[in-house]
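*Asks:* The structure under discussion is supplied below as structure tokens; questions concerning it will follow.
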Amino acid sequence: MEPQRLHKVLAQSGVGSRREMETLIEAGEVRVNGAVAQVGSQVSPGDRVTVRGRPVRLKFAEAQVRILLYHKPEGEIVSRDDPDGRTTVFATLPKLKGEKWVSVGRLDYNTSGLLIFTTSGALAHRLTHPSFEIEREYAVRVVGELNDLQMQQSCHEILLEDGPARFEAIRDQGGEGTNHWYQVVLKEGRNREVRRMFAALGCMVGRLMRVRFGLIGLPPRLKRGHFEELDARAVQRVLDWAGMTPVIQEEKRAPGQPNLRPKTPRPRTGVQRQTGSPRKDRAR
């Protein structure tokens, strides 16, 4: 469980109201693991908390894990701040109170497609850690065309400056004139990896779009620059697949909060029904 605000947890534990807890914290009456707590302090299960010298048995509320799918357009940077003043993906996302959106991996400035955000840092870490080898699928338009030998080589080994790389799969999608489309799958997220692999094969990437990350696909109806939040059932499928299984309950929308959930049935969002987990996929 991720850390939660101290005054909130104390209120949930029956010590008093949140306002009263904030007042006690400001007065130095609350200690966490022996140290005087500060306003805004957070606590986790296992922390020792005392109020006016008396220990408190903490009760934590299960956090509602939220997952957001964003169709990133080209020309946006995956960063909260950019010294060059470029538009960041976070500027488009809905605002959160007491939480923040964490990106699951990145897409470079000139790459479009599926970008996933979550309120769970643990989930983001699990989905991006190299040991889980989660598949990323891209649609790639290149100038030129690969021959059969190059296609085979791309799934065997391509030497890059930061080590060997390979596609798990590559499919020829045809094309017109000098432009040719390919669908590729890989299990890494190195910087500009797809572009560098095609460059090593003698082809320049003109357009790159991520269409799938693990079991989550880019919904066809999701327009560029728009986002869509998964409902509780879809979130639960993602958590089960990732090996994280807290019970997720439908959350009532606060007054004035926009309804981000689409009206169409959730099986169409792009979260595919799959069995197995990242670890099981790797084992196979």
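In the structure tokens, chains take letters A, B, ... by order of appearance, with residues numbered from 1 within each chain and ligands from 1 in the order shown.
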Excluding segment 164-176 of chain A and its own-chain neighbours fewer than 2 positions away, which residues fall within 8 Å of it when counting only C-alpha atoms? Please give them as JSON, numbers by chain.

*Replies:* {"A": [151, 154, 155, 156, 157, 158, 159, 160, 162, 178, 179, 180, 181, 182, 183, 184, 185, 186, 187, 197]}

*Asks:* Write out, as a PDB file, in the first residue's frame, the residues just selected, with N, CA, C and O atoms.

*Replies:*
```
ATOM      1  N   MET A 151      14.499  -8.677 -42.480  1.00  0.00           N
ATOM      2  CA  MET A 151      13.370  -9.019 -41.613  1.00  0.00           C
ATOM      3  C   MET A 151      13.789 -10.090 -40.603  1.00  0.00           C
ATOM      4  O   MET A 151      13.480  -9.992 -39.410  1.00  0.00           O
ATOM      5  N   SER A 154      16.212  -8.644 -37.989  1.00  0.00           N
ATOM      6  CA  SER A 154      15.592  -7.772 -36.994  1.00  0.00           C
ATOM      7  C   SER A 154      15.020  -8.564 -35.814  1.00  0.00           C
ATOM      8  O   SER A 154      14.897  -8.030 -34.722  1.00  0.00           O
ATOM      9  N   CYS A 155      14.680  -9.828 -36.044  1.00  0.00           N
ATOM     10  CA  CYS A 155      14.155 -10.670 -34.963  1.00  0.00           C
ATOM     11  C   CYS A 155      15.251 -11.534 -34.333  1.00  0.00           C
ATOM     12  O   CYS A 155      14.959 -12.330 -33.425  1.00  0.00           O
ATOM     13  N   HIS A 156      16.471 -11.388 -34.819  1.00  0.00           N
ATOM     14  CA  HIS A 156      17.591 -12.149 -34.262  1.00  0.00           C
ATOM     15  C   HIS A 156      18.479 -11.243 -33.421  1.00  0.00           C
ATOM     16  O   HIS A 156      18.533 -11.363 -32.201  1.00  0.00           O
ATOM     17  N   GLU A 157      19.137 -10.301 -34.048  1.00  0.00           N
ATOM     18  CA  GLU A 157      19.984  -9.370 -33.295  1.00  0.00           C
ATOM     19  C   GLU A 157      20.400  -8.197 -34.165  1.00  0.00           C
ATOM     20  O   GLU A 157      20.856  -8.376 -35.291  1.00  0.00           O
ATOM     21  N   ILE A 158      20.217  -7.002 -33.617  1.00  0.00           N
ATOM     22  CA  ILE A 158      20.697  -5.771 -34.243  1.00  0.00           C
ATOM     23  C   ILE A 158      21.594  -5.088 -33.223  1.00  0.00           C
ATOM     24  O   ILE A 158      21.190  -4.858 -32.078  1.00  0.00           O
ATOM     25  N   LEU A 159      22.815  -4.785 -33.620  1.00  0.00           N
ATOM     26  CA  LEU A 159      23.769  -4.176 -32.701  1.00  0.00           C
ATOM     27  C   LEU A 159      23.576  -2.667 -32.671  1.00  0.00           C
ATOM     28  O   LEU A 159      23.695  -1.984 -33.689  1.00  0.00           O
ATOM     29  N   LEU A 160      23.269  -2.162 -31.464  1.00  0.00           N
ATOM     30  CA  LEU A 160      23.140  -0.728 -31.243  1.00  0.00           C
ATOM     31  C   LEU A 160      24.272  -0.275 -30.323  1.00  0.00           C
ATOM     32  O   LEU A 160      24.961  -1.100 -29.717  1.00  0.00           O
ATOM     33  N   ASP A 162      24.164   0.936 -27.436  1.00  0.00           N
ATOM     34  CA  ASP A 162      23.970   0.564 -26.038  1.00  0.00           C
ATOM     35  C   ASP A 162      23.656  -0.923 -25.865  1.00  0.00           C
ATOM     36  O   ASP A 162      23.083  -1.337 -24.864  1.00  0.00           O
ATOM     37  N   THR A 178       7.596   5.331 -51.849  1.00  0.00           N
ATOM     38  CA  THR A 178       8.797   5.059 -51.055  1.00  0.00           C
ATOM     39  C   THR A 178       8.462   4.742 -49.591  1.00  0.00           C
ATOM     40  O   THR A 178       9.341   4.334 -48.841  1.00  0.00           O
ATOM     41  N   ASN A 179       7.213   4.928 -49.200  1.00  0.00           N
ATOM     42  CA  ASN A 179       6.820   4.684 -47.807  1.00  0.00           C
ATOM     43  C   ASN A 179       6.314   3.263 -47.624  1.00  0.00           C
ATOM     44  O   ASN A 179       5.563   2.739 -48.458  1.00  0.00           O
ATOM     45  N   HIS A 180       6.730   2.646 -46.515  1.00  0.00           N
ATOM     46  CA  HIS A 180       6.314   1.279 -46.230  1.00  0.00           C
ATOM     47  C   HIS A 180       5.981   1.175 -44.745  1.00  0.00           C
ATOM     48  O   HIS A 180       6.664   1.766 -43.897  1.00  0.00           O
ATOM     49  N   TRP A 181       4.918   0.398 -44.435  1.00  0.00           N
ATOM     50  CA  TRP A 181       4.464   0.245 -43.055  1.00  0.00           C
ATOM     51  C   TRP A 181       4.833  -1.123 -42.497  1.00  0.00           C
ATOM     52  O   TRP A 181       4.753  -2.136 -43.191  1.00  0.00           O
ATOM     53  N   TYR A 182       5.221  -1.122 -41.218  1.00  0.00           N
ATOM     54  CA  TYR A 182       5.501  -2.371 -40.506  1.00  0.00           C
ATOM     55  C   TYR A 182       4.834  -2.313 -39.134  1.00  0.00           C
ATOM     56  O   TYR A 182       4.657  -1.220 -38.561  1.00  0.00           O
ATOM     57  N   GLN A 183       4.471  -3.484 -38.640  1.00  0.00           N
ATOM     58  CA  GLN A 183       3.983  -3.625 -37.281  1.00  0.00           C
ATOM     59  C   GLN A 183       5.043  -4.399 -36.515  1.00  0.00           C
ATOM     60  O   GLN A 183       5.410  -5.508 -36.905  1.00  0.00           O
ATOM     61  N   VAL A 184       5.582  -3.815 -35.433  1.00  0.00           N
ATOM     62  CA  VAL A 184       6.672  -4.456 -34.706  1.00  0.00           C
ATOM     63  C   VAL A 184       6.319  -4.600 -33.229  1.00  0.00           C
ATOM     64  O   VAL A 184       5.554  -3.809 -32.674  1.00  0.00           O
ATOM     65  N   VAL A 185       6.886  -5.620 -32.600  1.00  0.00           N
ATOM     66  CA  VAL A 185       6.691  -5.877 -31.176  1.00  0.00           C
ATOM     67  C   VAL A 185       8.055  -6.051 -30.538  1.00  0.00           C
ATOM     68  O   VAL A 185       8.909  -6.764 -31.077  1.00  0.00           O
ATOM     69  N   LEU A 186       8.290  -5.403 -29.407  1.00  0.00           N
ATOM     70  CA  LEU A 186       9.517  -5.593 -28.646  1.00  0.00           C
ATOM     71  C   LEU A 186       9.197  -5.539 -27.160  1.00  0.00           C
ATOM     72  O   LEU A 186       8.118  -5.094 -26.762  1.00  0.00           O
ATOM     73  N   LYS A 187      10.132  -6.002 -26.344  1.00  0.00           N
ATOM     74  CA  LYS A 187       9.916  -6.107 -24.902  1.00  0.00           C
ATOM     75  C   LYS A 187      10.833  -5.190 -24.118  1.00  0.00           C
ATOM     76  O   LYS A 187      11.139  -5.450 -22.969  1.00  0.00           O
ATOM     77  N   MET A 197      16.812   0.991 -34.412  1.00  0.00           N
ATOM     78  CA  MET A 197      16.882  -0.337 -35.016  1.00  0.00           C
ATOM     79  C   MET A 197      16.644  -0.272 -36.517  1.00  0.00           C
ATOM     80  O   MET A 197      17.344  -0.912 -37.305  1.00  0.00           O
TER      81      MET A 197
END
```

*Asks:* Skipping near chain neighbours, those fewer than 6 positions away, what residues fall within 6 Å of segment 107-117 of chain A using only C-alpha atoms, listed as a compact mmCIF listing (two decimals) with N, CA and C atoms, in the first residue's frame?

*Replies:*
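So the final result, stored in part-v4.txt, reads:
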```txt
# COMPACT_ATOMS: atom_id res chain seq x y z
N ILE A 67 -6.51 4.38 -13.78
CA ILE A 67 -5.69 4.21 -14.98
C ILE A 67 -6.31 5.03 -16.10
N LEU A 68 -5.46 5.79 -16.76
CA LEU A 68 -5.90 6.69 -17.82
C LEU A 68 -5.16 6.33 -19.10
N LEU A 69 -5.90 6.23 -20.20
CA LEU A 69 -5.29 6.02 -21.52
C LEU A 69 -5.30 7.35 -22.25
N TYR A 70 -4.15 7.71 -22.80
CA TYR A 70 -4.02 8.99 -23.50
C TYR A 70 -3.47 8.74 -24.89
N HIS A 71 -4.11 9.33 -25.89
CA HIS A 71 -3.61 9.24 -27.27
C HIS A 71 -2.69 10.43 -27.50
N LYS A 72 -1.41 10.20 -27.27
CA LYS A 72 -0.42 11.27 -27.38
C LYS A 72 -0.21 11.67 -28.84
N PRO A 73 -0.33 12.95 -29.15
CA PRO A 73 0.04 13.40 -30.49
C PRO A 73 1.53 13.70 -30.57
N GLU A 74 2.05 13.81 -31.75
CA GLU A 74 3.43 14.25 -31.91
C GLU A 74 3.54 15.70 -31.45
N GLY A 75 4.71 16.06 -30.93
CA GLY A 75 4.92 17.44 -30.51
C GLY A 75 4.62 17.71 -29.04
N GLU A 76 4.45 16.64 -28.24
CA GLU A 76 4.29 16.80 -26.80
C GLU A 76 5.38 16.00 -26.10
N ILE A 77 5.86 16.55 -24.98
CA ILE A 77 6.94 15.90 -24.25
C ILE A 77 6.38 15.25 -22.98
N TRP A 101 -0.71 11.94 -11.40
CA TRP A 101 -0.61 10.96 -12.48
C TRP A 101 0.84 10.57 -12.69
N LEU A 208 6.00 7.05 -36.22
CA LEU A 208 6.03 5.97 -35.23
C LEU A 208 4.86 6.17 -34.27
N MET A 209 4.10 5.09 -34.08
CA MET A 209 2.90 5.17 -33.26
C MET A 209 2.77 3.91 -32.41
N ARG A 210 2.68 4.07 -31.09
CA ARG A 210 2.48 2.90 -30.23
C ARG A 210 0.99 2.57 -30.18
N VAL A 211 0.69 1.30 -30.45
CA VAL A 211 -0.71 0.87 -30.52
C VAL A 211 -1.09 -0.10 -29.41
N LEU A 218 -4.61 0.59 -27.80
CA LEU A 218 -5.11 1.95 -28.05
C LEU A 218 -6.52 1.84 -28.62
```

*Asks:* Which residue, A:Arg126, A:Arg5, A:Arg196, A:Arg141, has the smallest gap to Ser41 of chain A when you use only C-alpha atoms?

*Replies:*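 Answer, going by the shortest atom-to-atom distance: A:Arg5.
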
*Asks:* As a ChimeraX atom specification, please: every residue in segment 14-186 of chain A that a backbone DSSP assignment puts in strand (DSSP E).

*Replies:* /A:30-32,35-36,42-43,49-51,54-55,67-72,102-104,112-118,136-143,158-160,163-165,169-176,179-186

*Asks:* Could you go through segment 56-283 of chain A and tell me which residues DSSP, when run on the backbone, assigns to alpha helix (DSSP H), listing them as a PyMOL selection string?

*Replies:* chain A and resi 121-128+148-154+193-200+232-241+278-283
